[in-house]
4 protein chains.
Amino acid sequence: MSFNTFGHLFRVTTWGESHGPGLGATVDGCPPGVPLTESDVQVWLDKRKPGQNKYTTQRREADEVEILSGVFEGVTTGTPIQLAIRNTDQRSKDYGDIAEKFRPGHADITYWQKYGIRDYRGGGRSSARETAARVAAGGVARAALAQLVPAASITGYMVQMGPHQIDRTRVDFNQIDQNPFWTPDAIAAEEWAAILDSLRKSGNSVGAIIEVTASGFPAGLGAPVYGKLDTDLAAAMMSINAVKGVEIGEGMAAASLTGTDNADEISMGPNGPQYNSNHAGGILGGISTGQDIVVRFAVKPTSSILNPRKTITKSGEASEIITKGRHDPCVGIRAVPVAEAMAACVLLDHLLLDRGQTGGVRGPIG
Amino acid sequence: MSFNTFGHLFRVTTWGESHGPGLGATVDGCPPGVPLTESDVQVWLDKRKPGQNKYTTQRREADEVEILSGVFEGVTTGTPIQLAIRNTDQRSKDYGDIAEKFRPGHADITYWQKYGIRDYRGGGRSSARETAARVAAGGVARAALAQLVPAASITGYMVQMGPHQIDRTRVDFNQIDQNPFWTPDAIAAEEWAAILDSLRKSGNSVGAIIEVTASGFPAGLGAPVYGKLDTDLAAAMMSINAVKGVEIGEGMAAASLTGTDNADEISMGPNGPQYNSNHAGGILGGISTGQDIVVRFAVKPTSSILNPRKTITKSGEASEIITKGRHDPCVGIRAVPVAEAMAACVLLDHLLLDRGQTGGVRGPIG
Amino acid sequence: MSFNTFGHLFRVTTWGESHGPGLGATVDGCPPGVPLTESDVQVWLDKRKPGQNKYTTQRREADEVEILSGVFEGVTTGTPIQLAIRNTDQRSKDYGDIAEKFRPGHADITYWQKYGIRDYRGGGRSSARETAARVAAGGVARAALAQLVPAASITGYMVQMGPHQIDRTRVDFNQIDQNPFWTPDAIAAEEWAAILDSLRKSGNSVGAIIEVTASGFPAGLGAPVYGKLDTDLAAAMMSINAVKGVEIGEGMAAASLTGTDNADEISMGPNGPQYNSNHAGGILGGISTGQDIVVRFAVKPTSSILNPRKTITKSGEASEIITKGRHDPCVGIRAVPVAEAMAACVLLDHLLLDRGQTGGVRGPIG
Amino acid sequence: MSFNTFGHLFRVTTWGESHGPGLGATVDGCPPGVPLTESDVQVWLDKRKPGQNKYTTQRREADEVEILSGVFEGVTTGTPIQLAIRNTDQRSKDYGDIAEKFRPGHADITYWQKYGIRDYRGGGRSSARETAARVAAGGVARAALAQLVPAASITGYMVQMGPHQIDRTRVDFNQIDQNPFWTPDAIAAEEWAAILDSLRKSGNSVGAIIEVTASGFPAGLGAPVYGKLDTDLAAAMMSINAVKGVEIGEGMAAASLTGTDNADEISMGPNGPQYNSNHAGGILGGISTGQDIVVRFAVKPTSSILNPRKTITKSGEASEIITKGRHDPCVGIRAVPVAEAMAACVLLDHLLLDRGQTGGVRGPIG
């Protein structure tokens with residue numbers, strides 16, 4: 001992970017700003033021979049696309065991806081895949097206030113302090129719009145995974161909005177696509193709708209917790225001690241805008257458990273080892289166990305809100321700022337497809353890394 | 001981060017196993033001219049060293065570090081620094097049980113499945129003993145930081161043992177060295193002692209939460225979007241054995257806040273911008289603000305416990321396992337100096353990266 | 001250097017194929033605050049552009065670069081710079097022959113064997129057209145160098161065409177732009193013109209040797225032992241299409257010298273150390289001395305020629321092939337701006353690396 | 001390649017100085033399950049060891065390697081392999097002259113200028129002694145190659161000493177081990193012996209050209225455009241001390257050829273494609289063809305000679321220097337096993353990379 005590149009063998013470099021000509025991802029290291037069309041990528045971009053309901057920014061971007069390289073006669077060639085998305089809805093506006101003042105809780109001030117220049121239009125590079133490029137790259141990763149581990153699946157969903165958690169007994173993955181929150185708890189979805197309506201009207205915002213479950217991946221992915229699968233998943237999720245915490249399996253709650261409670265007992269199943277629980281989130285010693293891989297992260301509430309907040313100007317004078325514009329009252333909602341994309345990239349990368357080092361030949365059990 | 005190397009410009013590669021000849025760290029990219037002796041490193045190793053009280057493993061290792069390269073006439077030369085530690089207390093024992101069975105909650109099974117071979121003596125490469133090499137590397141990073149940012153400090157401490165949290169109103173950093181838990185809450189230390197005694201006697205173990213505060217670092221460290229300071233801190237902490245969750249600032253709790261509550265308001269102080277709170281943990285948009293950098297992580301309870309747990313053998317037969325030996329009832333205690341070391345390495349690396357790209361010339365405010 | 005990315009801190013990833021929608025370079029790690037417009041890049045692309053005289057391919061490409069990100073209000077922001085070039089002259093033709101047969105001396109067969117698929121249109125990714133992206137990236141590097149080391153210059157030129165070498169006593173850098181060969185020897189240029197005319201008419205091609213001199217760079221760039229300045233220069237040049245040999249200073253001829261002849265004696269000049277010769281090519285122990293940095297490389301003759309050559313088809317049948325189309329009789333000519341671009345990227349990268357590790361504070365002499 | 005680490009998936013970090021406690025290599029990413037003992041590595045170190053005849057430095061080093069990690073029960077575990085060599089013959093001497101003056105043609109001055117400090121004892125990090133660590137790492141690479149491509153071989157040999165080339169018609173690989181020059185031309189060996197005796201007595205030194213042939217490797221290794229096999233081989237060889245030029249196949253001579261002469265015609269053999277010549281040196285478009293891979297490089301004459309040379313002191317005063325001590329009159333001799341080791345590391349790395357990205361499934365021909 002260096003600056004704007006992510007991954008070891010399957011490497012994604014994203015580029016672009018919110019209100020410049022466009023953005024995209026340069027994907028290097030994809031296996032050759034993977035069937036890939038623009039619609040394979042577009043389907044995931046459409047899922048992330050803003051403006052689909054009243055809980056996401058009303059900016060309307062077509063987010064149409066163009067594949068500029070790396071695909072020939074419908075399959076990947078093994079050379080870099082350039083995924084480009086033109087910006088189309090950069091509404092002309094007066095940026096005067098944002099250009100001169102720093103929004104509290106936003107990257108405005110740190111970009112300025114680091115670089116001495118920042119593209120203040122819509123947040124520039126620090127805009128959540130950058131995540132469209134991740135989703136596009138994730139579409140490529142998913143296409144490759146479909147070929148390498150056809151039975152595998154990667155599913156993201158929201159498990160908490162503000163302080164309101166889902167009820168785990170009501171989880172039904174079929175519900176995820178049926179509500180604007182991508183939550184598997186249909187009743188929570190209804191409750192959250194009312195709460196978010198109220199917050200949105202008050203010009204405020206709220207955080208959320210997203211979870212991703214990756215099923216059907218083999219044991220053996222990940223490598224000690226700095227190339228652990230959970231290390232790379234944590235980095236991938238923490239790199240998403242506004243994320244402040246990442247958990248694997250039990251996560252922070254693991255601190256409260258005893259060794260007896262926490263260790264997942266092992267037995268022999270028809271297809272190899274199986275576990276009587278999954279506190280580990282499918283990863284032991286940084287290496288996948290073959291169980292579901294479970295990663296979770298918290299998204300802070302958008303700092304772009306209508307309530308006036310105290311701040312300073314570039315010249316150091318005390319001021320106040322209100323962020324008008326078209327923002328997400330719960331930006332966590334749109335983080336769901338982003339999280340899936342990052343998980344897909346990490347898992348594909350580790351499949352290739354493992355195949356490179358070990359050849360995929362593993363220690364048999366039983 | 002690739003397999004066993006960590007960092008971009010300040011790069012640490014650790015090597016070695018628990019019960020082999022030794023272990024160590026190869027440190028590349030250290031600035032030249034940094035005063036460094038073995039005792040500068042040894043002091044941190046001594047802090048981590050096991051067997052110092054009844055709450056850590058009774059294995060007795062001198063953990064004496066030898067600097068084999070990269071230092072001449074008492075200062076670093078800018079070439080690789082090899083830090084080697086010989087293992088001395090590899091008590092001879094019968095490993096038969098551990099060699100044939102997989103400890104639940106341990107990396108035994110995943111190493112086997114990935115590599116088809118594992119050094120089962122004391123956990124081999126997956127042993128917490130690997131962290132001694134990190135602490136040694138952290139000693140080098142601290143020496144370089146002392147030269148580059150003399151006023152900076154990095155302080156780790158325990159904030160939760162099992163479900164028992166400290167009382168934030170009682171925090172006194174002067175207390176940290178006064179108790180075996182490295183906790184800044186003296187009263188919690190007393191309470192935890194009683195609890196852990198009881199757990200230890202029952203052959204069980206418990207998790208913990210560690211926090212690290214880095215003070216005195218300049219604004220501008222970290223880079224969007226995959227080289228964020230919090231991304232690298234998250235990866236660094238998640239790479240430590242047994243860590244299951246990582247938080248920056250508010251962490252997972254950020255999900256529950258509103259935008260109004262979460263955004264740290266900015267005012268102008270005598271030395272530049274200052275903030276009326278630090279929900280962000282000193283990082284906005286992946287770049288340091290100049291506030292305290294706060295990172296926190298959960299360590300799961302050791303899976304090496306005396307209570308029998310169901311497992312399988314290499315041949316797939318159902319079995320039970322008890323892990324005798326000299327294990328930590330709360331391995332989180334020894335994670336404190338490890339966390340400090342990882343934070344030191346990440347912060348130095350980002351200081352060098354920032355100096356490389358921007359020359360340290362930054363946007364003035366006021 | 002990993003697949004399609006080049007550089008450590010200043011990183012260039014090129015993408016695109018000869019006859020796809022376009023190609024370009026994703027440039028990451030550029031210092032912020034560097035003045036940059038499309039015309040700063042275009043000027044170098046125009047130098048490389050084909051079809052400017054009868055000695056280069058008659059393909060006509062506008063090679064117009066568009067900066068899609070990373071520049072705001074005329075200066076770089078420190079975030080990724082996407083340089084995109086649309087292909088415009090992909091003349092429709094029947095690729096049947098090239099699609100089924102492998103051109104001897106060309107990457108056709110190895111791409112097929114490695115990937116099981118290749119974009120045969122115009123050579124796809126293996127086309128010399130890829131070098132346009134390098135030249136674009138080099139334009140960015142030059143802009144940054146102009147700010148960091150304003151007195152420095154990087155000059156490429158041809159010193160040999162086929163077996164015909166320039167006369168070093170006639171070298172005049174002012175001549176380089178005055179002839180189609182970018183050679184500093186005006187008389188050689190005239191002789192080569194006649195020779196190449198004849199070769200071109202006979203449907204044949206010829207190799208060349210290119211030299212690059214970088215002047216005005218400080219001592220101290222490069223790092224032992226695998227990050228040597230000459231290591232990275234060698235890799236950069238060898239990565240250019242059709243290059244088969246790379247030399248620093250005396251190059252291969254160093255083998256024939258004695259130690260007495262080869263070592264450049266040192267004396268003290270008004271601005272520091274100076275040398276009575278430059279056999280070393282400005283690099284000792286992988287680190288720049290402050291003298292002119294001299295790198296040289298050989299380009300093999302294009303394998304795309306009109307003379308029939310024996311080959312096989314994809315199905316393994318014996319065949320012959322003639323490469324019609326618009327090819328360069330001496331592809332080395334267009335390698336000159338490419339070499340300058342690669343040198344610029346490497347030198348900027350090492351300036352940033354050196355600043356990162358050492359802060360640019362160096363050992364004084366005198 | 002970053003500072004002291006070499007390779008992508010099979011990564012070697014060397015450390016250590018000529019006259020410090022020792023040196024070695026940290027090898028990461030080795031496949032698991034490779035049989036490896038210290039004697040598998042020692043055999044190559046013994047080949048490189050100084051003092052074996054009168055043409056190499058009379059320093060006597062046992063160069064005994066110790067494997068400190070990464071091997072268990074006689075096979076590699078897939079975790080880092082630490083190869084350590086203690087220095088034993090650091091003859092105590094007065095370094096005063098070398099400490100204060102810079103040897104012309106040596107890295108003395110550039111290390112000083114870059115770092116502001118240098119370990120002047122025996123050249124410190126810039127000593128040819130560093131190459132012992134490369135040879136050790138190469139021993140590990142060879143062990144892994146023996147398992148992955150058992151029929152492959154890597155053979156280095158000297159083809160030129162000073163201006164004296166071998167006669168290619170006399171080449172007999174069986175002769176390589178029969179003379180102190182590792183040359184396949186027995187008659188050349190005799191002639192060179194006389195010449196080098198004379199040079200040695202006069203206190204002078206001479207350069208050499210080394211060639212490495214790697215046979216039996218599959219087609220498909222290497223990746224466009226910056227991860228080319230020849231790019232990495234060139235970098236690997238150029239990183240060896242004193243190397244000033246690198247060639248693949250025809251090398252610099254390719255410039256003099258026409259396209260008709262240079263392109264290796266292809267026909268169908270019993271085991272796939274075969275070529276009627278090997279001007280390409282086994283690499284087309286950066287990817288191996290399956291032919292012999294041929295790389296060649298020039299080593300400059302040692303700058304440590306007895307003839308007095310003009311130089312300056314650290315304080316900038318004019319002076320002269322004579323390098324007494326135990327130096328190689330033709331350091332190229334000992335570069336032979338080093339070159340083999342570097343080739344082995346590069347080829348293994350590319351085998352793993354290729355397996356990672358493509359799975360080793362390739363385009364069939366015929």
# chains A, B, ... in the order shown; residues from 1 in each chain; ligands from 1
>>> select_by_dssp(residues="segment 155-348 of chain C", states="helix (DSSP H, G or I)", output="number ranges by chain")
C: 168-170, 173-178, 186-201, 229-238, 251-256, 259-262, 332-348
>>> write_last_selection(atoms="C-alpha atoms", output="CSV table (one decimal), in the first residue's frame")
chain,number,residue,atom,x,y,z
C,168,ARG,CA,33.3,11.9,-30.5
C,169,THR,CA,35.5,14.8,-31.5
C,170,ARG,CA,32.6,16.2,-33.6
C,173,PHE,CA,24.9,19.2,-28.4
C,174,ASN,CA,23.4,22.1,-30.4
C,175,GLN,CA,23.2,19.8,-33.4
C,176,ILE,CA,20.9,17.2,-31.7
C,177,ASP,CA,17.7,19.0,-32.7
C,178,GLN,CA,18.9,19.7,-36.2
C,186,ALA,CA,26.2,16.5,-37.9
C,187,ILE,CA,28.3,14.6,-40.4
C,188,ALA,CA,27.2,11.3,-39.1
C,189,ALA,CA,23.6,12.4,-39.5
C,190,GLU,CA,24.2,13.0,-43.2
C,191,GLU,CA,25.9,9.6,-43.6
C,192,TRP,CA,23.2,7.8,-41.7
C,193,ALA,CA,20.5,9.4,-43.8
C,194,ALA,CA,21.9,7.8,-47.0
C,195,ILE,CA,22.4,4.4,-45.3
C,196,LEU,CA,18.9,4.3,-43.7
C,197,ASP,CA,17.2,5.3,-47.0
C,198,SER,CA,18.7,2.3,-48.6
C,199,LEU,CA,17.8,0.0,-45.8
C,200,ARG,CA,14.2,1.3,-45.6
C,201,LYS,CA,13.7,0.8,-49.4
C,229,LEU,CA,21.2,4.7,-9.1
C,230,ASP,CA,22.8,2.7,-11.8
C,231,THR,CA,20.7,-0.4,-11.0
C,232,ASP,CA,17.5,1.6,-11.4
C,233,LEU,CA,18.8,3.4,-14.6
C,234,ALA,CA,19.7,0.0,-16.0
C,235,ALA,CA,16.3,-1.4,-15.2
C,236,ALA,CA,14.6,1.7,-16.6
C,237,MET,CA,16.4,1.5,-19.9
C,238,MET,CA,16.2,-2.3,-20.2
C,251,GLY,CA,30.2,0.3,-19.8
C,252,MET,CA,31.3,-3.0,-21.3
C,253,ALA,CA,34.6,-1.4,-22.3
C,254,ALA,CA,35.4,-1.2,-18.6
C,255,ALA,CA,36.4,-4.8,-18.8
C,256,SER,CA,39.4,-4.0,-20.9
C,259,GLY,CA,42.7,-0.2,-12.5
C,260,THR,CA,45.2,2.6,-13.1
C,261,ASP,CA,43.4,3.7,-16.2
C,262,ASN,CA,39.8,3.3,-15.0
C,332,GLY,CA,16.2,3.6,-32.0
C,333,ILE,CA,15.5,7.1,-33.3
C,334,ARG,CA,12.2,7.3,-31.4
C,335,ALA,CA,13.9,5.8,-28.3
C,336,VAL,CA,15.7,9.0,-27.7
C,337,PRO,CA,12.9,11.0,-26.0
C,338,VAL,CA,11.8,7.8,-24.3
C,339,ALA,CA,15.3,7.4,-22.8
C,340,GLU,CA,15.3,11.0,-21.6
C,341,ALA,CA,11.9,10.4,-20.0
C,342,MET,CA,13.0,7.3,-18.2
C,343,ALA,CA,16.1,9.0,-16.9
C,344,ALA,CA,14.0,11.9,-15.6
C,345,CYS,CA,11.7,9.6,-13.8
C,346,VAL,CA,14.6,7.7,-12.2
C,347,LEU,CA,16.5,10.8,-11.1
C,348,LEU,CA,13.4,12.5,-9.6
>>> interface_residues(of="chain B", to="chain C", cutoff="7 Å", atoms="only C-alpha atoms", output="list in words")
Gly29, Cys30, Pro31, Pro32, Leu352, Leu353, Arg355, Gly356, Gln357 and Thr358 of chain B
>>> residues_around(residues="segment 14-20 of chain B", least_positions_apart="4", cutoff="9 Å", atoms="only C-alpha atoms", output="ChimeraX atom specification")
/A:225 /B:4-6,24-27,86-91,119-131,133-134,137 /D:26,28,68-72,79-82
>>> residues_around(residues="Ala107 of chain C", least_positions_apart="2", cutoff="10 Å", atoms="only C-alpha atoms", output="NGL selection string")
(:C and (102-105 or 109-113 or 118 or 123-127 or 241-242 or 303)) or (:D and (283-289))
>>> write_last_selection(atoms="N, CA and C atoms", output="PDB file, in the first residue's frame")
ATOM      1  N   PHE C 102       3.386 -16.038 -35.579  1.00  0.00           N
ATOM      2  CA  PHE C 102       4.240 -15.303 -34.654  1.00  0.00           C
ATOM      3  C   PHE C 102       5.390 -14.660 -35.417  1.00  0.00           C
ATOM      4  N   ARG C 103       5.563 -13.360 -35.298  1.00  0.00           N
ATOM      5  CA  ARG C 103       6.684 -12.705 -35.965  1.00  0.00           C
ATOM      6  C   ARG C 103       7.995 -13.061 -35.270  1.00  0.00           C
ATOM      7  N   PRO C 104       8.981 -13.606 -35.979  1.00  0.00           N
ATOM      8  CA  PRO C 104      10.284 -13.879 -35.346  1.00  0.00           C
ATOM      9  C   PRO C 104      10.878 -12.606 -34.754  1.00  0.00           C
ATOM     10  N   GLY C 105      11.438 -12.723 -33.581  1.00  0.00           N
ATOM     11  CA  GLY C 105      12.059 -11.572 -32.934  1.00  0.00           C
ATOM     12  C   GLY C 105      11.066 -10.652 -32.257  1.00  0.00           C
ATOM     13  N   ILE C 109       4.948 -14.451 -29.720  1.00  0.00           N
ATOM     14  CA  ILE C 109       4.907 -15.835 -29.255  1.00  0.00           C
ATOM     15  C   ILE C 109       4.963 -15.926 -27.735  1.00  0.00           C
ATOM     16  N   THR C 110       5.734 -15.030 -27.107  1.00  0.00           N
ATOM     17  CA  THR C 110       5.854 -15.131 -25.648  1.00  0.00           C
ATOM     18  C   THR C 110       4.585 -14.633 -24.950  1.00  0.00           C
ATOM     19  N   TYR C 111       3.966 -13.594 -25.476  1.00  0.00           N
ATOM     20  CA  TYR C 111       2.683 -13.167 -24.895  1.00  0.00           C
ATOM     21  C   TYR C 111       1.667 -14.311 -24.982  1.00  0.00           C
ATOM     22  N   TRP C 112       1.648 -14.945 -26.137  1.00  0.00           N
ATOM     23  CA  TRP C 112       0.699 -16.044 -26.308  1.00  0.00           C
ATOM     24  C   TRP C 112       1.010 -17.179 -25.327  1.00  0.00           C
ATOM     25  N   GLN C 113       2.286 -17.530 -25.216  1.00  0.00           N
ATOM     26  CA  GLN C 113       2.630 -18.650 -24.332  1.00  0.00           C
ATOM     27  C   GLN C 113       2.368 -18.317 -22.875  1.00  0.00           C
ATOM     28  N   ARG C 118      -3.557 -12.778 -26.664  1.00  0.00           N
ATOM     29  CA  ARG C 118      -2.812 -11.550 -26.881  1.00  0.00           C
ATOM     30  C   ARG C 118      -3.587 -10.647 -27.817  1.00  0.00           C
ATOM     31  N   GLY C 123       0.521  -5.156 -32.183  1.00  0.00           N
ATOM     32  CA  GLY C 123       1.425  -5.555 -31.101  1.00  0.00           C
ATOM     33  C   GLY C 123       0.806  -5.391 -29.729  1.00  0.00           C
ATOM     34  N   GLY C 124      -0.377  -4.761 -29.669  1.00  0.00           N
ATOM     35  CA  GLY C 124      -1.073  -4.634 -28.383  1.00  0.00           C
ATOM     36  C   GLY C 124      -0.228  -3.918 -27.363  1.00  0.00           C
ATOM     37  N   ARG C 125      -0.045  -4.551 -26.234  1.00  0.00           N
ATOM     38  CA  ARG C 125       0.709  -3.958 -25.144  1.00  0.00           C
ATOM     39  C   ARG C 125       2.199  -3.922 -25.448  1.00  0.00           C
ATOM     40  N   SER C 126       2.687  -4.816 -26.322  1.00  0.00           N
ATOM     41  CA  SER C 126       4.130  -4.884 -26.599  1.00  0.00           C
ATOM     42  C   SER C 126       4.542  -3.890 -27.676  1.00  0.00           C
ATOM     43  N   SER C 127       3.601  -3.107 -28.164  1.00  0.00           N
ATOM     44  CA  SER C 127       3.917  -2.107 -29.189  1.00  0.00           C
ATOM     45  C   SER C 127       4.816  -1.009 -28.628  1.00  0.00           C
ATOM     46  N   ASN C 241      11.194  -1.080 -24.908  1.00  0.00           N
ATOM     47  CA  ASN C 241      11.077  -2.092 -25.971  1.00  0.00           C
ATOM     48  C   ASN C 241      12.365  -2.206 -26.777  1.00  0.00           C
ATOM     49  N   ALA C 242      12.783  -3.415 -27.055  1.00  0.00           N
ATOM     50  CA  ALA C 242      13.865  -3.722 -27.995  1.00  0.00           C
ATOM     51  C   ALA C 242      15.259  -3.430 -27.455  1.00  0.00           C
ATOM     52  N   SER C 303      11.860  -6.077 -35.596  1.00  0.00           N
ATOM     53  CA  SER C 303      11.628  -7.396 -36.202  1.00  0.00           C
ATOM     54  C   SER C 303      10.495  -7.332 -37.219  1.00  0.00           C
TER      55      SER C 303
ATOM     56  N   ILE D 283      14.832 -14.245 -24.505  1.00  0.00           N
ATOM     57  CA  ILE D 283      13.798 -13.349 -23.970  1.00  0.00           C
ATOM     58  C   ILE D 283      13.248 -12.474 -25.095  1.00  0.00           C
ATOM     59  N   LEU D 284      11.949 -12.487 -25.286  1.00  0.00           N
ATOM     60  CA  LEU D 284      11.281 -11.626 -26.275  1.00  0.00           C
ATOM     61  C   LEU D 284      10.178 -10.844 -25.570  1.00  0.00           C
ATOM     62  N   GLY D 285      10.193  -9.527 -25.714  1.00  0.00           N
ATOM     63  CA  GLY D 285       9.167  -8.714 -25.066  1.00  0.00           C
ATOM     64  C   GLY D 285       9.218  -8.823 -23.559  1.00  0.00           C
ATOM     65  N   GLY D 286      10.375  -9.200 -23.032  1.00  0.00           N
ATOM     66  CA  GLY D 286      10.517  -9.296 -21.582  1.00  0.00           C
ATOM     67  C   GLY D 286      10.107 -10.631 -21.006  1.00  0.00           C
ATOM     68  N   ILE D 287       9.717 -11.569 -21.880  1.00  0.00           N
ATOM     69  CA  ILE D 287       9.187 -12.868 -21.440  1.00  0.00           C
ATOM     70  C   ILE D 287      10.054 -13.974 -22.025  1.00  0.00           C
ATOM     71  N   SER D 288      10.324 -14.989 -21.221  1.00  0.00           N
ATOM     72  CA  SER D 288      11.209 -16.066 -21.672  1.00  0.00           C
ATOM     73  C   SER D 288      10.569 -16.861 -22.806  1.00  0.00           C
ATOM     74  N   THR D 289      11.441 -17.326 -23.713  1.00  0.00           N
ATOM     75  CA  THR D 289      10.966 -18.093 -24.871  1.00  0.00           C
ATOM     76  C   THR D 289      11.088 -19.596 -24.662  1.00  0.00           C
TER      77      THR D 289
END
>>> atom_distance(atom1="atom CA of Gly216 of chain D", atom2="atom CA of Ser277 of chain D")
16.2 Å
>>> closest_residue(among="D:Ala146, D:Glu320, D:Thr258, D:Ile293", to="Ile305 of chain C", atoms="only C-alpha atoms")
D:Thr258
>>> select_by_dssp(residues="segment 11-72 of chain D", states="strand (DSSP E)", output="PyMOL selection string")
chain D and resi 11-16+22-28+65-67+71-72
>>> residues_around(residues="Gln160 of chain C", least_positions_apart="3", cutoff="9 Å", atoms="only C-alpha atoms", output="number ranges by chain")
C: 163-166, 183, 188, 207-210, 298; D: 255-256
